[in-house]
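Asker: Here it is: the structure, laid out below.
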Amino acid sequence: MERRRILLIVLDGLGDRPVKELGHKTPLEAANKPTLDWFAQNGINGLLDPIAPGVRPGSDTSHLALLGYDPFEVYTGRGPFEAAGVGIDVRKGDIAFRGNFVTVDEDRNVVDRRAGRIREGTDELAKALDGMKLGRVKVLFRAGTDHRAALVLRGKGLSPKVTDTDPHEEGVPVIEAKPLESKAKATAKAVNAFTDKAYGLLKDHAVNKARAAKGEALANLVVLRGAGVVPHLEPFPERYNVKAAGIAGVALIRGICRAVGIDVLDVPGATGGLDTDMVAKADAALAALETAEFVLVNVKAPDLCGHDGQASEKIRVIERIDQMMAHLKSRLPADVVLALTADHSTPVSVKDHSGDPVPVTIFAEGVHVDDVARFDERAVARGGLGRIRGLDLMPILLSLANRAEKFGS
Ligand code: ZN
Ligand code: ZN
């Protein structure tokens, strides 16, 4: 039995609801997308509830489910995946936070929650904080995009049950972390020690002296939120016995990949934004398939249009995705099992994620091709896959790739 390779393409936030201005069509139904429809016509189709019917997924919990990890078991917060996404080598038991560089006055009142929308110098500032020792707790710290950052506390007996230090508003002091359970006292103490030390290290840092000279807001403190504990995640390559690669522009999805041991590839031009080079992503996926047996591609753009409430922009993005798929179709090796789906719906009318199911199409040698002619929310509902959950996807793909373990004899 020939073992096949798997290409999973996740079109982030693709699903939508009927839009009045589009004659009650969804952006997918309104878009001109001959190649996506070709895959639907030549594949097997269905609806997919990323977590469960009606559950509104985050991109993180949904990607975990699509990769076969039950988010209800492994997910405690976004922090661990953000930290992995900015390149911190997170380990089981680490406590991870998302952070912001902020501007505070001498009384540590937050004056600017984004430190003047700082874009440069954050790597140097992060270096000053990385490796800090707080008693027996070690700090790992990296800058993210713009004013964002991630912090990891590593040590014995730490707990994620502490309050944020981020006041989530301006004109008020940075909050002192409080334990939310008795086991979290040491963690809260470490967080507060971090706040004190960070202020000492940042306030007169060369980057801030230069900013002061230019009249720019200082990045003289970091506020923290969203603590989570890094869960035990059986590495994806061991779990499924495949070499795996991931292509994603956004840090959170890169973090999910890294946290489960999927190699993240850098693709020049793949930004995670609306300007992303989708054809470059397709080429990178094809190149990755030369050595990896499983490749995940995330295309973030549809989600951004959904959050912005821009139906016409979402249609344009879908038509660009169609061009990406045309590029891929003409070069796709015959032994590849291709799955096309989304991690959730981001309806333009909602401007956020909804609990609606998303289309899923699988194109591979040997699938029971159904009568579905179009890749959209309504048409795929009549397809041969019926309605599945995110956690069902990997077993189906492994089976089609002749990689599933037999249950029984
Ligand atoms: Zn998403
Ligand atoms: Zn989103």
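Numbering starts fresh at 1 for the residues of each chain in the structure tokens, the chains themselves are lettered A, B, ... in the order given, and ligands are numbered from 1 as they appear.
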Enumerate, in order of chain and increasing residue number, the residues of chain A with an atom no farther than 7 Å from ligand 1, each with its shortest atom pair and distance in Å to one decimal, counting only C-alpha atoms and all ligand atoms, as CSV.
Answerer:
```
residue,atom,partner,partner_atom_place_in_ligand_line,distance
A:Asp12,CA,ligand 1,1 (Zn),4.5
A:Gly13,CA,ligand 1,1 (Zn),5.1
A:Gly58,CA,ligand 1,1 (Zn),6.1
A:Ser59,CA,ligand 1,1 (Zn),3.5
A:Asp303,CA,ligand 1,1 (Zn),6.3
A:Asp343,CA,ligand 1,1 (Zn),5.3
A:His344,CA,ligand 1,1 (Zn),6.0
```
Asker: Write a file of the just-selected residues containing all heavy atoms, as a short mmCIF file (atom, residue, chain, number, x, y, z; two decimals), in the first residue's frame.
Answerer:
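Okay, again33.cif is ready:
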```cif
data_model
loop_
_atom_site.label_atom_id
_atom_site.label_comp_id
_atom_site.auth_asym_id
_atom_site.auth_seq_id
_atom_site.Cartn_x
_atom_site.Cartn_y
_atom_site.Cartn_z
N ASP A 12 -8.13 30.82 6.89
CA ASP A 12 -8.51 31.32 8.21
C ASP A 12 -9.76 32.19 8.15
O ASP A 12 -9.82 33.16 7.41
CB ASP A 12 -7.34 32.12 8.78
CG ASP A 12 -7.30 32.12 10.30
OD1 ASP A 12 -8.31 32.56 10.91
OD2 ASP A 12 -6.30 31.67 10.87
N GLY A 13 -10.76 31.82 8.94
CA GLY A 13 -11.97 32.65 9.03
C GLY A 13 -12.78 32.69 7.75
O GLY A 13 -13.57 33.61 7.53
N GLY A 58 -11.38 29.92 18.74
CA GLY A 58 -10.25 30.78 18.45
C GLY A 58 -9.42 30.10 17.37
O GLY A 58 -9.60 28.91 17.11
N SER A 59 -8.52 30.85 16.75
CA SER A 59 -7.65 30.22 15.74
C SER A 59 -6.77 29.16 16.38
O SER A 59 -6.44 28.15 15.75
CB SER A 59 -6.77 31.27 15.07
OG SER A 59 -7.54 32.10 14.25
N ASP A 303 -9.82 35.96 7.33
CA ASP A 303 -10.19 36.30 8.71
C ASP A 303 -10.11 37.82 8.93
O ASP A 303 -10.97 38.41 9.59
CB ASP A 303 -9.27 35.58 9.69
CG ASP A 303 -9.64 35.82 11.15
OD1 ASP A 303 -10.80 35.58 11.51
OD2 ASP A 303 -8.76 36.26 11.92
N ASP A 343 -10.54 27.35 9.74
CA ASP A 343 -10.46 27.07 11.18
C ASP A 343 -11.70 27.56 11.92
O ASP A 343 -11.92 27.19 13.07
CB ASP A 343 -9.17 27.66 11.79
CG ASP A 343 -9.06 29.16 11.58
OD1 ASP A 343 -9.78 29.71 10.71
OD2 ASP A 343 -8.25 29.80 12.28
N HIS A 344 -12.49 28.40 11.27
CA HIS A 344 -13.75 28.90 11.83
C HIS A 344 -14.34 29.84 10.81
O HIS A 344 -13.69 30.20 9.84
CB HIS A 344 -13.53 29.66 13.17
CG HIS A 344 -12.44 30.68 13.07
ND1 HIS A 344 -12.62 31.91 12.50
CD2 HIS A 344 -11.13 30.61 13.43
CE1 HIS A 344 -11.47 32.57 12.53
NE2 HIS A 344 -10.54 31.80 13.08
#
```
Asker: With only C-alpha atoms as the counted atoms, please give the residues lying no more than 10 Å from Gly121 in chain A, apart from itself and same-chain residues fewer than 5 positions off, as number ranges by chain.
Answerer: A: 126, 143, 146, 206-208, 210-211, 219
Asker: How would the residues just picked look written out with N, CA and C atoms as a PDB file, in the first residue's frame?
Answerer:
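again16.pdb written:
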```pdb
ATOM      1  N   ALA A 126      14.081  43.708  24.652  1.00  0.00           N
ATOM      2  CA  ALA A 126      13.771  42.346  25.097  1.00  0.00           C
ATOM      3  C   ALA A 126      15.030  41.647  25.608  1.00  0.00           C
ATOM      4  N   ALA A 143      10.546  39.903  22.080  1.00  0.00           N
ATOM      5  CA  ALA A 143       9.640  40.873  21.471  1.00  0.00           C
ATOM      6  C   ALA A 143       8.841  40.184  20.371  1.00  0.00           C
ATOM      7  N   ASP A 146       5.510  44.853  16.601  1.00  0.00           N
ATOM      8  CA  ASP A 146       5.215  46.169  17.177  1.00  0.00           C
ATOM      9  C   ASP A 146       5.485  46.177  18.686  1.00  0.00           C
ATOM     10  N   ALA A 206      19.377  52.389  26.492  1.00  0.00           N
ATOM     11  CA  ALA A 206      19.810  53.233  25.357  1.00  0.00           C
ATOM     12  C   ALA A 206      18.677  53.480  24.356  1.00  0.00           C
ATOM     13  N   VAL A 207      17.866  52.454  24.117  1.00  0.00           N
ATOM     14  CA  VAL A 207      16.751  52.607  23.168  1.00  0.00           C
ATOM     15  C   VAL A 207      15.791  53.692  23.665  1.00  0.00           C
ATOM     16  N   ASN A 208      15.543  53.695  24.964  1.00  0.00           N
ATOM     17  CA  ASN A 208      14.626  54.699  25.511  1.00  0.00           C
ATOM     18  C   ASN A 208      15.266  56.089  25.560  1.00  0.00           C
ATOM     19  N   ALA A 210      17.310  57.218  23.352  1.00  0.00           N
ATOM     20  CA  ALA A 210      17.179  57.702  21.971  1.00  0.00           C
ATOM     21  C   ALA A 210      15.746  58.143  21.687  1.00  0.00           C
ATOM     22  N   ARG A 211      14.781  57.385  22.213  1.00  0.00           N
ATOM     23  CA  ARG A 211      13.365  57.748  21.998  1.00  0.00           C
ATOM     24  C   ARG A 211      13.051  59.071  22.684  1.00  0.00           C
ATOM     25  N   ALA A 219       9.355  53.119  26.026  1.00  0.00           N
ATOM     26  CA  ALA A 219       8.866  51.752  26.266  1.00  0.00           C
ATOM     27  C   ALA A 219       9.533  51.319  27.566  1.00  0.00           C
TER      28      ALA A 219
END
```
Asker: Just list as a PyMOL selection string whatever in range 39-159 of chain A DSSP marks as alpha helix (DSSP H).
Answerer: chain A and resi 39-41+59-66+71-74+79-85+122-129
Asker: Leaving out Ala311 in chain A and any residue of its chain fewer than 4 positions from it, which residues lie within 7 Å of it when counting only C-alpha atoms, given as a VMD selection string?
Answerer: chain A and resid 27 315 348
Asker: Those residues with N, CA, C and O atoms, as a PDB file, in the first residue's frame please?
Answerer:
```
ATOM      1  N   PRO A  27     -19.838  35.493   1.012  1.00  0.00           N
ATOM      2  CA  PRO A  27     -18.728  35.894   0.130  1.00  0.00           C
ATOM      3  C   PRO A  27     -18.219  34.722  -0.717  1.00  0.00           C
ATOM      4  O   PRO A  27     -17.899  34.896  -1.889  1.00  0.00           O
ATOM      5  N   ILE A 315     -14.365  38.830  -0.742  1.00  0.00           N
ATOM      6  CA  ILE A 315     -14.538  38.209  -2.068  1.00  0.00           C
ATOM      7  C   ILE A 315     -13.235  38.295  -2.862  1.00  0.00           C
ATOM      8  O   ILE A 315     -12.793  37.317  -3.465  1.00  0.00           O
ATOM      9  N   VAL A 348     -18.693  38.575   8.021  1.00  0.00           N
ATOM     10  CA  VAL A 348     -18.517  40.024   7.937  1.00  0.00           C
ATOM     11  C   VAL A 348     -19.620  40.747   8.720  1.00  0.00           C
ATOM     12  O   VAL A 348     -19.419  41.868   9.178  1.00  0.00           O
TER      13      VAL A 348
END
```
Asker: For the atom pair CA of Val358 in chain A and CA of Leu340 in chain A, what is the interatomic distance in Å to one decimal place?
Answerer: 10.2 Å
Asker: When DSSP is applied to the backbone of this structure, which of range 32-246 of chain A are assigned strand (DSSP E or B)? Write them out as number ranges by chain.
Answerer: A: 44-49, 95-104, 109-112, 133-134, 137-143, 148-154, 162, 173, 179, 221-229, 244-246
Asker: Quick one: of A:Pro359, A:Pro71, A:Gly386, A:Gly309, who's nearest to Leu36 in chain A, counting only C-alpha atoms?
Answerer: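 Of A:Pro359, A:Pro71, A:Gly386, A:Gly309, the one nearest Leu36 in chain A, counting only C-alpha atoms, is A:Pro359.
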Asker: Do you know which residues are at most 8 Å from Ala83 in chain A counting only C-alpha atoms, after dropping those on the same chain fewer than 4 positions away, and could you put them as a count of residues only?
Answerer: 12
Asker: Rank nothing, just name the residue among A:Arg17, A:Arg148, A:Arg78, A:Lys183 nearest to Ala227 in chain A, using only C-alpha atoms.
Answerer: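 Of A:Arg17, A:Arg148, A:Arg78, A:Lys183, the one nearest Ala227 in chain A is A:Arg78, counting only C-alpha atoms.
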Asker: For ligand 2, which residue out of A:His307, A:Lys329, A:Arg403, A:Lys314 is the nearest one, using only C-alpha atoms and all ligand atoms?
Answerer: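 With only C-alpha atoms and all ligand atoms as the atom set, the closest residue is A:His307.
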Asker: Excluding Gly131 in chain A and any residue of its chain fewer than 6 positions from it, enumerate the residues within 7 Å of it, using only C-alpha atoms, and give them as a list in words.
Answerer: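 Once the adjacent positions are removed, what remains is Lys138, Val139 and Leu140 of chain A.
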Asker: Would you please work out which residue, of A:Ile9, A:Cys257, A:Leu252, A:Val360, is nearest to ligand 2 when using only C-alpha atoms and all ligand atoms?
Answerer: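 Checking each of A:Ile9, A:Cys257, A:Leu252, A:Val360 against ligand 2, counting only C-alpha atoms and all ligand atoms, the winner is A:Leu252.
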